[in-house]
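*Asks:* Just query33.cif, nothing more (mmCIF, C-alpha atoms):
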```cif
data_protein
#
loop_
_atom_site.label_atom_id
_atom_site.label_comp_id
_atom_site.auth_asym_id
_atom_site.auth_seq_id
_atom_site.Cartn_x
_atom_site.Cartn_y
_atom_site.Cartn_z
CA MET Y 20 3.48 15.63 -16.42
CA SER Y 21 4.36 12.34 -14.74
CA ILE Y 22 2.68 8.99 -15.34
CA VAL Y 23 2.48 7.61 -11.81
CA GLY Y 24 1.98 3.95 -10.98
CA VAL Y 25 0.64 3.30 -7.48
CA ILE Y 26 1.21 -0.02 -5.69
CA GLY Y 27 -1.37 -0.94 -3.07
CA ASP Y 28 -0.82 -2.26 0.45
CA CYS Y 29 1.32 -5.42 0.13
CA HIS Y 30 1.80 -6.49 3.76
CA ILE Y 31 4.94 -8.42 2.83
CA PRO Y 32 5.67 -11.30 3.38
CA TYR Y 33 1.94 -12.01 3.06
CA GLU Y 34 1.37 -10.46 -0.37
CA LEU Y 35 -0.70 -12.26 -2.99
CA ASP Y 36 1.23 -14.46 -5.40
CA GLY Y 37 1.22 -12.72 -8.79
CA TYR Y 38 0.55 -9.21 -7.50
CA LEU Y 39 4.09 -8.06 -8.26
CA GLU Y 40 3.83 -9.29 -11.86
CA PHE Y 41 0.41 -7.65 -12.18
CA CYS Y 42 1.88 -4.28 -11.11
CA ILE Y 43 4.83 -4.69 -13.48
CA ASP Y 44 2.58 -5.49 -16.45
CA THR Y 45 0.13 -2.68 -15.66
CA PHE Y 46 2.83 -0.05 -15.28
CA GLU Y 47 4.56 -1.12 -18.48
CA ARG Y 48 1.28 -0.89 -20.40
CA TYR Y 49 0.71 2.70 -19.25
CA GLY Y 50 4.33 3.77 -19.66
CA VAL Y 51 4.71 4.63 -15.97
CA ASP Y 52 7.77 6.78 -15.22
CA THR Y 53 7.20 7.36 -11.48
CA VAL Y 54 6.29 4.70 -8.90
CA VAL Y 55 4.62 5.30 -5.54
CA HIS Y 56 4.02 2.60 -2.94
CA ILE Y 57 1.00 3.70 -0.91
CA GLY Y 58 2.23 2.12 2.34
CA ASP Y 59 1.92 -0.97 4.50
CA LEU Y 60 4.74 -2.48 2.51
CA ILE Y 61 5.51 -4.67 5.55
CA ASP Y 62 2.89 -6.46 7.65
CA ASN Y 63 4.73 -6.81 11.00
CA HIS Y 64 2.06 -9.28 12.10
CA SER Y 65 4.22 -10.69 14.88
CA LEU Y 66 4.72 -7.20 16.36
CA SER Y 67 1.10 -6.11 16.10
CA PHE Y 68 -0.89 -4.88 19.09
CA HIS Y 69 -3.53 -7.44 18.09
CA ASP Y 70 -3.18 -11.14 18.88
CA SER Y 71 -0.84 -12.96 16.49
CA GLU Y 72 -1.68 -16.27 14.88
CA PRO Y 73 0.34 -18.89 16.80
CA LEU Y 74 1.16 -20.90 13.67
CA LEU Y 75 2.92 -17.98 11.99
CA HIS Y 76 6.57 -16.97 12.26
CA SER Y 77 8.11 -15.17 15.19
CA VAL Y 78 9.41 -11.62 14.77
CA THR Y 79 12.75 -12.84 13.41
CA GLY Y 80 11.20 -15.36 11.05
CA GLU Y 81 8.77 -12.81 9.62
CA TYR Y 82 11.57 -10.28 9.21
CA ASN Y 83 13.74 -12.77 7.30
CA ASP Y 84 10.83 -13.78 5.06
CA ALA Y 85 10.04 -10.14 4.36
CA ARG Y 86 13.62 -9.40 3.34
CA ASP Y 87 13.58 -12.41 0.99
CA HIS Y 88 10.31 -11.32 -0.64
CA LEU Y 89 11.42 -7.70 -0.98
CA ARG Y 90 14.35 -8.54 -3.26
CA ALA Y 91 12.02 -9.15 -6.20
CA TRP Y 92 10.23 -5.86 -5.59
CA TYR Y 93 13.53 -3.97 -5.43
CA GLU Y 94 14.64 -5.54 -8.69
CA ALA Y 95 11.37 -4.70 -10.44
CA PHE Y 96 11.12 -1.17 -9.05
CA PRO Y 97 14.54 0.30 -8.15
CA HIS Y 98 13.08 3.81 -7.73
CA VAL Y 99 10.05 4.17 -5.45
CA THR Y 100 8.56 6.83 -3.22
CA MET Y 101 6.84 5.03 -0.35
CA THR Y 102 4.29 6.72 1.89
CA ALA Y 103 4.72 5.02 5.27
CA GLY Y 104 1.70 3.06 6.46
CA ASN Y 105 0.45 2.20 9.93
CA HIS Y 106 1.82 -1.36 9.68
CA ASP Y 107 5.23 -0.06 8.57
CA ARG Y 108 5.28 2.05 11.74
CA ILE Y 109 4.40 -0.78 14.16
CA PRO Y 110 8.02 -1.29 15.39
CA ALA Y 111 8.34 2.44 16.14
CA ARG Y 112 4.98 2.46 17.93
CA GLN Y 113 6.00 -0.51 20.06
CA LEU Y 114 9.20 1.25 21.08
CA ASN Y 115 7.23 4.38 21.97
CA LYS Y 116 4.95 2.22 24.11
CA LEU Y 117 8.05 1.14 26.06
CA GLY Y 118 9.17 4.74 26.44
CA MET Y 119 12.04 4.29 23.96
CA ALA Y 120 12.39 6.96 21.28
CA PRO Y 121 12.55 5.20 17.87
CA SER Y 122 14.92 7.89 16.59
CA ILE Y 123 17.44 6.72 19.20
CA TYR Y 124 16.85 2.98 19.49
CA MET Y 125 15.70 2.02 15.99
CA ARG Y 126 17.49 2.06 12.66
CA PRO Y 127 15.56 3.62 9.76
CA LEU Y 128 13.28 1.18 7.91
CA LYS Y 129 15.30 1.80 4.76
CA ASP Y 130 18.35 0.32 6.51
CA ILE Y 131 16.50 -2.48 8.26
CA TYR Y 132 15.08 -3.82 4.99
CA GLU Y 133 18.13 -2.97 2.87
CA MET Y 134 16.17 -0.79 0.47
CA PRO Y 135 17.91 0.49 -2.67
CA ASP Y 136 19.21 4.05 -2.81
CA GLY Y 137 16.31 4.85 -5.14
CA TRP Y 138 13.70 4.14 -2.45
CA ASN Y 139 12.51 7.06 -0.35
CA ILE Y 140 10.10 6.82 2.61
CA VAL Y 141 7.88 9.85 3.31
CA ASP Y 142 4.66 10.64 5.17
CA ASP Y 143 3.05 11.95 1.99
CA VAL Y 144 4.05 13.42 -1.35
CA VAL Y 145 2.50 15.75 -3.92
CA ILE Y 146 3.19 15.02 -7.59
CA ASP Y 147 1.65 17.26 -10.27
CA ASN Y 148 -0.82 18.67 -7.72
CA VAL Y 149 -2.00 15.20 -6.65
CA LEU Y 150 -1.51 14.14 -3.01
CA TYR Y 151 -0.40 10.59 -2.23
CA HIS Y 152 -0.65 9.27 1.32
CA HIS Y 153 -1.42 5.99 3.07
CA GLY Y 154 -4.96 6.90 4.00
CA GLU Y 155 -5.62 6.56 7.72
CA THR Y 156 -7.86 9.65 7.36
CA ALA Y 157 -9.81 8.03 4.52
CA SER Y 158 -11.74 5.47 6.56
CA GLY Y 159 -15.06 4.02 5.48
CA VAL Y 160 -16.50 3.07 2.11
CA ASN Y 161 -16.60 6.73 0.97
CA GLY Y 162 -13.51 7.77 2.88
CA PHE Y 163 -11.28 8.33 -0.13
CA ARG Y 164 -13.84 10.72 -1.66
CA LYS Y 165 -14.31 12.66 1.58
CA ASP Y 166 -10.54 12.79 2.08
CA ALA Y 167 -10.06 14.60 -1.24
CA GLU Y 168 -13.07 16.83 -0.61
CA GLN Y 169 -11.86 17.96 2.81
CA ARG Y 170 -8.34 18.61 1.55
CA MET Y 171 -9.57 20.12 -1.76
CA ILE Y 172 -6.80 18.39 -3.63
CA SER Y 173 -7.02 15.24 -5.72
CA THR Y 174 -5.83 12.44 -3.45
CA VAL Y 175 -4.58 8.86 -3.80
CA SER Y 176 -4.79 6.54 -0.81
CA GLY Y 177 -4.68 2.90 0.28
CA HIS Y 178 -5.13 1.52 3.82
CA ASN Y 179 -8.71 0.27 3.35
CA HIS Y 180 -8.22 -3.07 1.60
CA SER Y 181 -11.84 -3.33 0.48
CA ASN Y 182 -11.83 0.10 -1.17
CA ALA Y 183 -10.83 0.50 -4.81
CA GLY Y 184 -12.20 3.04 -7.21
CA ILE Y 185 -12.49 6.68 -8.17
CA SER Y 186 -14.91 9.25 -6.80
CA ALA Y 187 -15.02 12.96 -7.59
CA THR Y 188 -16.56 16.05 -6.05
CA ALA Y 189 -16.84 19.51 -7.56
CA THR Y 190 -17.65 23.14 -6.86
CA CYS Y 191 -18.38 25.79 -9.48
CA GLN Y 192 -14.66 26.49 -9.68
CA GLU Y 193 -12.90 23.20 -9.07
CA LEU Y 194 -13.11 19.41 -9.30
CA VAL Y 195 -11.11 17.05 -7.14
CA TRP Y 196 -11.09 13.26 -7.13
CA GLY Y 197 -10.13 10.53 -4.72
CA LEU Y 198 -8.49 7.33 -5.91
CA ALA Y 199 -8.45 4.26 -3.66
CA VAL Y 200 -5.92 1.81 -5.08
CA GLY Y 201 -7.00 -1.42 -3.39
CA CYS Y 202 -4.29 -3.76 -2.17
CA GLY Y 203 -2.16 -6.79 -2.95
CA VAL Y 204 -2.71 -9.04 0.06
CA ASP Y 205 -3.40 -12.76 0.16
CA ARG Y 206 -6.68 -12.74 2.09
CA LYS Y 207 -6.50 -16.52 2.59
CA HIS Y 208 -3.25 -16.28 4.54
CA LEU Y 209 -3.40 -16.80 8.29
CA ALA Y 210 -2.12 -13.25 8.79
CA PHE Y 211 -5.54 -12.02 7.64
CA ALA Y 212 -7.65 -14.57 9.48
CA TYR Y 213 -9.27 -11.68 11.38
CA GLY Y 214 -11.18 -10.80 8.19
CA LYS Y 215 -12.46 -14.29 7.48
CA HIS Y 216 -16.06 -13.41 8.32
CA PHE Y 217 -16.06 -9.86 6.94
CA ALA Y 218 -18.61 -9.42 4.14
CA ARG Y 219 -16.36 -7.01 2.25
CA LYS Y 220 -13.15 -8.64 1.05
CA PRO Y 221 -9.85 -7.11 -0.12
CA ILE Y 222 -9.87 -5.78 -3.67
CA ILE Y 223 -6.69 -6.69 -5.54
CA ALA Y 224 -5.79 -3.70 -7.68
CA CYS Y 225 -3.29 -0.96 -8.38
CA GLY Y 226 -3.64 2.61 -9.56
CA VAL Y 227 -2.25 4.83 -12.28
CA VAL Y 228 -2.42 8.60 -12.50
CA TYR Y 229 -2.07 9.10 -16.23
CA ASN Y 230 -1.28 12.72 -17.09
CA GLY Y 231 -3.28 13.88 -14.11
CA GLU Y 232 -6.24 11.52 -14.61
CA PRO Y 233 -6.95 8.61 -12.22
CA VAL Y 234 -7.15 5.00 -13.41
CA ILE Y 235 -7.90 1.85 -11.41
CA GLU Y 236 -6.81 -1.57 -12.67
CA PHE Y 237 -8.18 -4.77 -11.13
CA MET Y 238 -6.10 -7.92 -11.05
CA PRO Y 239 -7.94 -10.80 -12.78
CA MET Y 240 -9.06 -13.21 -10.07
CA GLY Y 241 -11.04 -15.86 -11.95
CA ARG Y 242 -14.21 -13.94 -12.73
CA ARG Y 243 -12.91 -10.86 -14.53
CA LEU Y 244 -13.96 -7.46 -13.24
CA ARG Y 245 -14.71 -4.61 -15.62
CA ARG Y 246 -11.92 -2.07 -15.82
CA VAL Y 247 -12.56 1.58 -15.09
CA LYS Y 248 -10.82 3.82 -17.60
#
```
Kindly present the structure from the file in structure tokens form.
*Replies:*
Amino acid sequence: MSIVGVIGDCHIPYELDGYLEFCIDTFERYGVDTVVHIGDLIDNHSLSFHDSEPLLHSVTGEYNDARDHLRAWYEAFPHVTMTAGNHDRIPARQLNKLGMAPSIYMRPLKDIYEMPDGWNIVDDVVIDNVLYHHGETASGVNGFRKDAEQRMISTVSGHNHSNAGISATATCQELVWGLAVGCGVDRKHLAFAYGKHFARKPIIACGVVYNGEPVIEFMPMGRRLRRVK
């Protein structure tokens, strides 16, 4: 059975300084042999349907910064299965909006960001009877639990930056759990200014599925949070 390390939403180039090292250290400690990125690897702030911050880079500048940041991630994790997130798909959605089929007018993201051969982008993936996907269907504070319950398969998701934890549901015959892996974003960056007044802030964390059992690890952020094991 695999030991799966799960990287949260990074939104590169606006990831939190130290999050990469935190993931590396956590995965080494658990002996991770399979790595999944849960999606929203790239932010694409300048291409978003929402208003962009005028002080941030243009499309080209953000793209160049993202490529620069990604090199360290590729070096640390040469083999990754990435479940595509809604932010990763922004360029394709913008082309669709213009009536241009992305399959015709857009190179694959793997080519655009010069990903290693060992990186594979999918919609979702099942490993040892656990489903990994980005999590657009797991909205709300209890979304990751309901997502697993409705699918009746243990499920790992990201997407909701302020969700991180484990929640299970059971019948007489079966137990399934949902694991929300948190994220790795720098909430103080201008790219996330929209959340400045939100009461619930991003939770910096990553996940591990250790021989079929879910684990959440919180990145120390000053006041240390208790680990769930």
*Asks:* Please determine, counting all atoms listed in the file, which residue among Y:Trp138, Y:Tyr229, Y:Tyr82, Y:Tyr93 has the shortest atom-to-atom distance to Pro110 (chain Y).
*Replies:*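 Looking only at the distances to Pro110 (chain Y), the closest residue turns out to be Y:Tyr82.
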*Asks:* Check the smallest atom-to-atom distance from each of Y:His88, Y:Asp166, Y:Asp59, Y:Ile123 to Arg108 (chain Y) using only C-alpha atoms, then report the winner.
*Replies:* Y:Asp59
*Asks:* Find the distance between CA of Met20 (chain Y) and CA of Gly231 (chain Y) and write it in Å to one decimal.
*Replies:*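 Separating CA of Met20 (chain Y) from CA of Gly231 (chain Y) is a distance of 7.4 Å.
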*Asks:* For Ile146 (chain Y), which residue among Y:Arg219, Y:Leu89, Y:Thr79, Y:Ile172 is the nearest when counting all atoms listed in the file?
*Replies:*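 Checking each candidate against Ile146 (chain Y), we get Y:Ile172 as the closest.
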*Asks:* Check what the PyMOL selection byres ((chain Y and resi 30-44) around 7) selects in the file above and give those residues as number ranges by chain.
*Replies:* Y: 26, 28-29, 45-48, 59-62, 84-85, 88, 203-205, 208, 225, 238
*Asks:* State, in Å with one decimal place, the distance from CA of Asp87 (chain Y) to CA of His153 (chain Y).
*Replies:*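 Between CA of Asp87 (chain Y) and CA of His153 (chain Y) the gap is 23.8 Å.
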*Asks:* With distances taken over only C-alpha atoms, which residue among Y:Glu133, Y:Asp147, Y:Glu155, Y:Glu81 lies nearest Ser21 (chain Y)?
*Replies:*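 With only C-alpha atoms as the atom set, the closest residue is Y:Asp147.
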*Asks:* Could you spell out the hits of the PyMOL selection byres ((chain Y and resi 128) around 12) on the shown file, as a PyMOL selection string?
*Replies:* chain Y and resi 60-61+82+86+101+103-104+106-111+121-122+125-127+129-135+138-141
*Asks:* Counting only C-alpha atoms, which of Y:Met240, Y:Val51, Y:Ile235, Y:Val78 gets nearest to Asn63 (chain Y)?
*Replies:*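 The answer is Y:Val78, which sits nearest to Asn63 (chain Y).
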*Asks:* Go through Y:Ala189, Y:Ile222, Y:Val25, Y:Leu150 one by one, measure the shortest atom-to-atom distance of each to Thr174 (chain Y) using only C-alpha atoms, and give the residue with the smallest value.
*Replies:* Y:Leu150
*Asks:* Might you pull out every residue within 6 Å of region 193-201 of chain Y, with all atoms listed in the file counted and same-chain residues fewer than 6 positions away left off, and present them as a PyMOL selection string?
*Replies:* chain Y and resi 27+163-164+167+172-177+180+182-187+222-226
*Asks:* To one decimal place, how far is CA of Asp142 (chain Y) from CA of Thr100 (chain Y) in Å?
*Replies:*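 Between these atoms lies a distance of 10.0 Å.
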